[in-house]
Every structure is written in C-alpha cells, then in structure tokens.
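Undergrad: Sharing a structure, written as structure tokens. Questions coming.
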Amino acid sequence: VIEQLFLPAHAATSGDITLNDPCAIEILEGDQTTVTVRVLVDGFVTPPVAGLPVEIVATPAGGSGSPVTRNTVTDSSGKFSSDVTVTGGPGITAINVVTTVSGASGAAACQVNTPAPATTTTTTTTTTTTILLP
C-alpha cells in the first residue's frame, strides 16, 4: 500500500499538475450578526498527487476582519479540505477565498455570501371572555 507519493523536483514544478478552479466553500456557522463565521473550503488537483502544500486565504467582506491563512496538504486523491474561522463581525457579508498549491499551476478562488440573521416572528393572541348575567 502506497501512503504517499513524492514527485521528483522537476515534476513538482513542471506545470503538469493543475489546481481546479473554482474551489468550493460552505458556511458551517455564523451569519451577518455574529463575531465569527466558520467555513469549510475544499479543492483538488489533477492528476491526483498527495502531499502537496496548500495555502488557503479567507478574507471577510464587510465587518472589520482581516484575512486568515490556513495551510494543509493534498491527500492521496489530490483533494484538500480545511475548516477556517474568520473573525471581525458583526457585518461580515461574504467570505472570499483564494487557494494555491505548491507544485500545481494556477490559483483557485471561491466566495460564499454570509446569511442574513434569522428573523423571528412574534404572534400575539387576544382572548375575550364575555360573561352573561341572568
């Protein structure tokens, strides 16, 4: 069983490996009223190569947050995934992500809009009781 594949130095930089664009991003927690928004970022390279260093930069739109960088590596199927928490809310309206993979050509970008806060509805019921006297 092969657990990792290492490329020779010339193959890792030859441009034969391509980063799929766009990446995929999903909101896990948070909305426009929260201080933090947590997202899951996924992507992959072709052909599949394990162990390539991946840099994920998530930048909030709106709010007062700064970019957050996460590092991971590709798995044996060429995929990568990372959970990223961005701070700087309330007011974060979207998360913009750019991923790069060392040894792969290109960069991938994706974006997700932060959901508006859930609205609550208040229902008021009035009951009137009439008493009839004989």
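Chain lettering (A, B, ...) mirrors the order of the structure tokens, residue numbering begins at 1 for each chain separately, and ligand numbering begins at 1 in order of display.
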Give me the residues within 9 Å of Cys23 (chain A) as a list of chain:residue names, counting only C-alpha atoms and dropping any in the same chain fewer than 4 places off.
TA: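 Once the nearby chain positions are removed, what remains is A:Leu19, A:Val41, A:Asp42, A:Gly43, A:Phe44, A:Val97, A:Val98, A:Thr99, A:Ala108, A:Ala109, A:Cys110, A:Gln111.
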Undergrad: Write out as a VMD selection string each polymer residue whose atoms come within 9 Å of Val101 (chain A), counting only C-alpha atoms; drop sequence neighbours fewer than 3 positions from it.
TA: chain A and resid 18 to 19 45 52 to 56 73 to 74 104 to 107
Undergrad: Give me, as a count of residues only, all polymer residues having an atom no more than 6 Å from Gly63 (chain A), counting only C-alpha atoms and skipping those fewer than 5 positions away in the same chain.
TA: 5
Undergrad: Between A:Thr119, A:Thr36, A:Thr100, A:Thr87, which one has atoms that come closest to Asp21 (chain A), using only C-alpha atoms?
TA: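 Closest to Asp21 (chain A) of all the choices is A:Thr100.
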Undergrad: As a PyMOL selection string, which residues of region 23-54 of chain A does DSSP assign to strand (DSSP E)?
TA: chain A and resi 24-29+36-46+53-54
Undergrad: What does the structure give for the distance between CA of Ala118 (chain A) and CA of Ala94 (chain A), in Å to one decimal?
TA: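 Distance between the two atoms: 16.2 Å.
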